[in-house]
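Participant: Submitted below is the structure of interest, expressed as structure tokens.
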Amino acid sequence: MNHFIDTFFNAQQILATWPAILKGVVVTLEIAALVVVTGITAGIGLAVLRWLFGRWIKWPLLVFVDVARAVPPLVLVLLAYFGLPSLGVDISGFAVIWLVLSAVLTAFVEEIVWAGLISVKKGQREAARSTGLTEVQALLYVVLPQALRLAVPPLTNRTIAITKNTALGTVIGVPEIINQATTAVSFSGNATPLMMGAFAYLVLFIPIIGFGRWVEGRFAWRRH
Amino acid sequence: MQSAASFLPSRAPGAAAEIQSVEPLLRIRDVSKKFGSLEVLKSINVDVSPGELVFLIGPSGSGKSTLLRCCNRLEEATSGSIRFDGSEVLDPKLDVNALRRRIGMVFQSFNLYPHMTALSNVTLALRKVLGKSGPESKTIAMAALERVGLAHKASAYPAELSGGQQQRVAIARGLALEPKMMLFDEPTSALDPELVGSVLATMRSMREAGMTMLVVSHEMRFAREAADRVVFMEGGVVVEQGPPAQIFGPDAQPRTRAFVSNEDR
Ligand SMILES: Nc1ncnc2c1ncn2[C@@H]1O[C@H](COP(=O)(O)OP(=O)(O)O)[C@@H](O)[C@H]1O
Ligand SMILES: [Mg+2]
């Protein structure tokens, strides 16, 4: 029992490591915020473009979406980090993790929002158009708000799932939480920093998951 | 509103319309529509004069909705001509959004925007299409809701309204743009029987206010008492059109009589 506590909850280790973990938390938060903003914006944007110009962009879009959803994010991260420099693109680990996770989130968001758009009744668009609204106006004011309502629960879940992949930054040296923790572990041979990393993720994501639940409850209201 | 032609038993499609003296507001000529190889409308001729209430009746699948939807270009006619208020509706260069400002449409399933209050349902097009300010569009929308007797429900969401109230808000949404004409596609078919009356009463008051209306409906009693003219369609053709007395009378064509008596039950 003492051995267990010493391995996972060593007080000295906690004191020594928490500044590094805190730095990791900041980096993780930065990446997560960038990924969420980029992915959700681009994903909604792509769904909107598909609605307005479906015929022209459908096939390239579907290729992107399917690749980004099918290939494990780790593979994409490694491919981008080790592949892009040999193509002459100089890119940091931070940028790689941001871009890759944003692309993956974009793909999922596009599909979720698209599913929302096509599940809004055809009559909604027709009613809007029949009052003289343009296609873009009908989409922005009538169809998209309803689609987003339907999309909020899966969108929240998916966003959380993908944002957790910031931990992949560790394999390409991005100093996020897990990277800080494993570095400390390799110096001390003690698992306490990893427990601290796990705890940091808990502290970060429990509120987000709670927020997701709250949003879900709110948006379910008035739907019939 | 009724011309001398109304008294002639006009058997040929469009015959009554051609003799009519008033320049029609809506003039549908030889309109055909195909969905792929399926010909849904076959050379339709119908006129609607200003202030007229014209009823479009016929069995399900006869092309009534399609004809209505061709009038505001929700559907593209394959050939023919539809003149409305001085412009050719089927002209590919026509500004459809400008056209739709002048023709309102009411749907069977109301199609109110569920995420907006009754008031916002009505103000949306006022603000975004006509470019009215917030306060001005609110004044206009409240007046429109007043006309359908629902000013007191302005802040209710569609889910909080009965079907009849929803349909009247949908009518107000159309009325607010001050269209020259309104198209109704089975406005009461989705309503519980006890709610039909309120919608018909609203339509009756619109007629009294001089609104031009083309109405697809199975409310035969309403057609009998309120319509200026009734058009009977079957299989994509106009079988017969004339005043209610003719269509619902003993001298109507056999197919018309068969349909009407079956509907009247
Ligand atoms: N978008 C469409 N694509 C293919 N066929 C259609 C479409 N809309 C209507 N139709 C067909 O056109 C015919 C007439 O339909 P509709 O105008 O809705 O008739 P009504 O309103 O008189 O019941 C029907 O056979 C229907 O199946
Ligand atoms: Mg129909």
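Identifiers for the structure tokens are assigned positionally: chains receive A, B, ... in sequence, residues are indexed from 1 per chain, and ligands are indexed from 1 in the order shown.
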Within 6 Å of ligand 1, counting only C-alpha atoms and all ligand atoms: which residues, as JSON, numbers by chain?
Facilitator: {"B": [35, 40, 60, 61, 62, 63, 64, 65, 66]}
Participant: Using only C-alpha atoms, find which residues of chain B lie within 10 Å of chain A and jot them down as a VMD selection string.
Facilitator: chain B and resid 69 72 to 74 95 to 116 121 to 122 124 to 126 128 to 130 157 to 160 170 173 to 174 176 to 177 179
Participant: If you run DSSP on the backbone here, which positions in segment 166-219 of chain B get strand (DSSP E or B)? Please write them as a ChimeraX atom specification.
Facilitator: /B:181-185,212-216
Participant: Restrict the selected residues to N, CA, C and O atoms and save them as a compact mmCIF listing (two decimals), in the first residue's frame.
Facilitator:
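After the write, again05.txt holds the following:
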```txt
# COMPACT_ATOMS: atom_id res chain seq x y z
N MET B 181 -51.13 39.12 -54.35
CA MET B 181 -51.88 37.87 -54.48
C MET B 181 -51.35 36.88 -53.46
O MET B 181 -50.18 36.94 -53.07
N MET B 182 -52.22 35.98 -53.02
CA MET B 182 -51.77 34.93 -52.11
C MET B 182 -52.15 33.56 -52.68
O MET B 182 -53.24 33.37 -53.19
N LEU B 183 -51.21 32.64 -52.57
CA LEU B 183 -51.44 31.26 -52.98
C LEU B 183 -51.63 30.42 -51.72
O LEU B 183 -50.85 30.55 -50.77
N PHE B 184 -52.62 29.58 -51.70
CA PHE B 184 -52.88 28.71 -50.54
C PHE B 184 -52.84 27.27 -51.00
O PHE B 184 -53.59 26.88 -51.88
N ASP B 185 -51.96 26.47 -50.39
CA ASP B 185 -51.93 25.05 -50.73
C ASP B 185 -52.51 24.22 -49.58
O ASP B 185 -51.82 23.94 -48.60
N THR B 212 -56.47 39.09 -53.78
CA THR B 212 -56.60 38.09 -54.83
C THR B 212 -56.03 36.77 -54.34
O THR B 212 -54.93 36.74 -53.79
N MET B 213 -56.80 35.70 -54.49
CA MET B 213 -56.36 34.43 -53.91
C MET B 213 -56.57 33.26 -54.86
O MET B 213 -57.62 33.15 -55.50
N LEU B 214 -55.57 32.40 -54.92
CA LEU B 214 -55.69 31.13 -55.62
C LEU B 214 -55.51 30.04 -54.58
O LEU B 214 -54.46 29.95 -53.94
N VAL B 215 -56.55 29.25 -54.39
CA VAL B 215 -56.60 28.36 -53.23
C VAL B 215 -56.79 26.91 -53.65
O VAL B 215 -57.77 26.58 -54.33
N VAL B 216 -55.84 26.07 -53.26
CA VAL B 216 -56.04 24.62 -53.40
C VAL B 216 -56.66 24.15 -52.09
O VAL B 216 -56.11 24.41 -51.02
```
Participant: Which neighbours of Leu195 of chain B fall inside 9 Å, counting only C-alpha atoms, when residues of the same chain fewer than 4 positions from it are skipped, and could you give them as a list in words?
Facilitator: Ser162, Gly163, Gly164, Gln165, Thr188, Leu191 and Val199 of chain B
Participant: Compile the contact shell of segment 208-211 of chain A as an MDAnalysis selection string: residues with an atom at most 9 Å away, counting only C-alpha atoms, same-chain residues fewer than 3 positions apart removed.
Facilitator: chainID A and resid 156:157 160 204:205 214:216
Participant: Between atom CA of Leu101 of chain A and atom CA of Pro60 of chain A, what distance in Å does the model show, to one decimal?
Facilitator: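 These two atoms are separated by 19.3 Å.
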Participant: Which polymer residues have any atom within 10 Å of an atom of segment 14-23 of chain A, counting only C-alpha atoms, with same-chain residues fewer than 3 positions away left out, as a PyMOL selection string?
Facilitator: chain A and resi 8-11+26-29+175-181+183-185+192-197+200
Participant: Taking the DSSP secondary structure from the backbone, can you list the residues of segment 44-182 of chain B that are alpha helix (DSSP H), as a PyMOL selection string?
Facilitator: chain B and resi 64-71+96-102+118-128+134-147+163-175
Participant: If I take atom CA of Leu145 of chain B and atom CA of Thr123 of chain B, how far is one from the other in Å, to one decimal?
Facilitator: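 Going from atom CA of Leu145 of chain B over to atom CA of Thr123 of chain B, I get 10.7 Å.
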Participant: Residues within 10 Å of Leu144 of chain A, please, as a PDB file with N, CA, C and O atoms, in the first residue's frame. Count only C-alpha atoms; anything in the same chain fewer than 5 positions from it doesn't count.
Facilitator:
```pdb
ATOM      1  N   ILE A  44     -18.554  24.359 -39.888  1.00  0.00           N
ATOM      2  CA  ILE A  44     -19.834  24.989 -40.245  1.00  0.00           C
ATOM      3  C   ILE A  44     -19.708  25.644 -41.615  1.00  0.00           C
ATOM      4  O   ILE A  44     -20.594  25.529 -42.465  1.00  0.00           O
ATOM      5  N   ALA A  47     -20.002  23.050 -44.321  1.00  0.00           N
ATOM      6  CA  ALA A  47     -21.383  22.574 -44.474  1.00  0.00           C
ATOM      7  C   ALA A  47     -22.225  23.611 -45.218  1.00  0.00           C
ATOM      8  O   ALA A  47     -23.046  23.270 -46.079  1.00  0.00           O
ATOM      9  N   VAL A  48     -21.988  24.897 -44.899  1.00  0.00           N
ATOM     10  CA  VAL A  48     -22.711  25.971 -45.577  1.00  0.00           C
ATOM     11  C   VAL A  48     -22.363  25.995 -47.069  1.00  0.00           C
ATOM     12  O   VAL A  48     -23.230  26.073 -47.940  1.00  0.00           O
ATOM     13  N   VAL A 113     -23.068  18.964 -38.901  1.00  0.00           N
ATOM     14  CA  VAL A 113     -23.900  20.105 -39.280  1.00  0.00           C
ATOM     15  C   VAL A 113     -24.674  19.798 -40.553  1.00  0.00           C
ATOM     16  O   VAL A 113     -25.850  20.144 -40.692  1.00  0.00           O
ATOM     17  N   TRP A 114     -24.028  19.089 -41.473  1.00  0.00           N
ATOM     18  CA  TRP A 114     -24.726  18.716 -42.706  1.00  0.00           C
ATOM     19  C   TRP A 114     -25.932  17.836 -42.396  1.00  0.00           C
ATOM     20  O   TRP A 114     -27.032  18.038 -42.929  1.00  0.00           O
ATOM     21  N   GLY A 116     -27.586  17.867 -39.733  1.00  0.00           N
ATOM     22  CA  GLY A 116     -28.587  18.775 -39.176  1.00  0.00           C
ATOM     23  C   GLY A 116     -29.319  19.539 -40.274  1.00  0.00           C
ATOM     24  O   GLY A 116     -30.543  19.638 -40.270  1.00  0.00           O
ATOM     25  N   LEU A 117     -28.556  20.054 -41.236  1.00  0.00           N
ATOM     26  CA  LEU A 117     -29.167  20.851 -42.309  1.00  0.00           C
ATOM     27  C   LEU A 117     -30.187  20.041 -43.093  1.00  0.00           C
ATOM     28  O   LEU A 117     -31.285  20.518 -43.378  1.00  0.00           O
ATOM     29  N   ILE A 118     -29.834  18.790 -43.422  1.00  0.00           N
ATOM     30  CA  ILE A 118     -30.766  18.040 -44.268  1.00  0.00           C
ATOM     31  C   ILE A 118     -31.919  17.447 -43.462  1.00  0.00           C
ATOM     32  O   ILE A 118     -32.886  16.982 -44.041  1.00  0.00           O
ATOM     33  N   VAL A 120     -33.607  19.358 -41.355  1.00  0.00           N
ATOM     34  CA  VAL A 120     -34.600  20.435 -41.220  1.00  0.00           C
ATOM     35  C   VAL A 120     -35.604  20.272 -42.360  1.00  0.00           C
ATOM     36  O   VAL A 120     -35.222  20.050 -43.511  1.00  0.00           O
ATOM     37  N   GLN A 137     -29.843  33.954 -47.220  1.00  0.00           N
ATOM     38  CA  GLN A 137     -30.638  34.419 -46.072  1.00  0.00           C
ATOM     39  C   GLN A 137     -31.479  33.294 -45.485  1.00  0.00           C
ATOM     40  O   GLN A 137     -31.558  33.136 -44.265  1.00  0.00           O
ATOM     41  N   ALA A 138     -32.110  32.512 -46.349  1.00  0.00           N
ATOM     42  CA  ALA A 138     -32.939  31.402 -45.873  1.00  0.00           C
ATOM     43  C   ALA A 138     -32.087  30.428 -45.067  1.00  0.00           C
ATOM     44  O   ALA A 138     -32.503  29.908 -44.036  1.00  0.00           O
ATOM     45  N   LEU A 139     -30.865  30.216 -45.537  1.00  0.00           N
ATOM     46  CA  LEU A 139     -29.962  29.310 -44.817  1.00  0.00           C
ATOM     47  C   LEU A 139     -29.555  29.896 -43.467  1.00  0.00           C
ATOM     48  O   LEU A 139     -29.667  29.240 -42.435  1.00  0.00           O
ATOM     49  N   ARG A 149     -29.126  23.614 -33.648  1.00  0.00           N
ATOM     50  CA  ARG A 149     -29.790  23.105 -32.457  1.00  0.00           C
ATOM     51  C   ARG A 149     -29.725  21.587 -32.409  1.00  0.00           C
ATOM     52  O   ARG A 149     -29.392  20.988 -31.393  1.00  0.00           O
ATOM     53  N   LEU A 150     -30.034  20.966 -33.545  1.00  0.00           N
ATOM     54  CA  LEU A 150     -29.972  19.502 -33.609  1.00  0.00           C
ATOM     55  C   LEU A 150     -28.538  19.027 -33.414  1.00  0.00           C
ATOM     56  O   LEU A 150     -28.290  17.940 -32.900  1.00  0.00           O
TER      57      LEU A 150
END
```
Participant: Kindly indicate which residue among B:Leu90, B:Ile57, B:Met142, B:Ile44 lies nearest to ligand 2, using only C-alpha atoms and all ligand atoms for the distances.
Facilitator: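 Of the candidates, the smallest distance to ligand 2 is held by B:Ile57.
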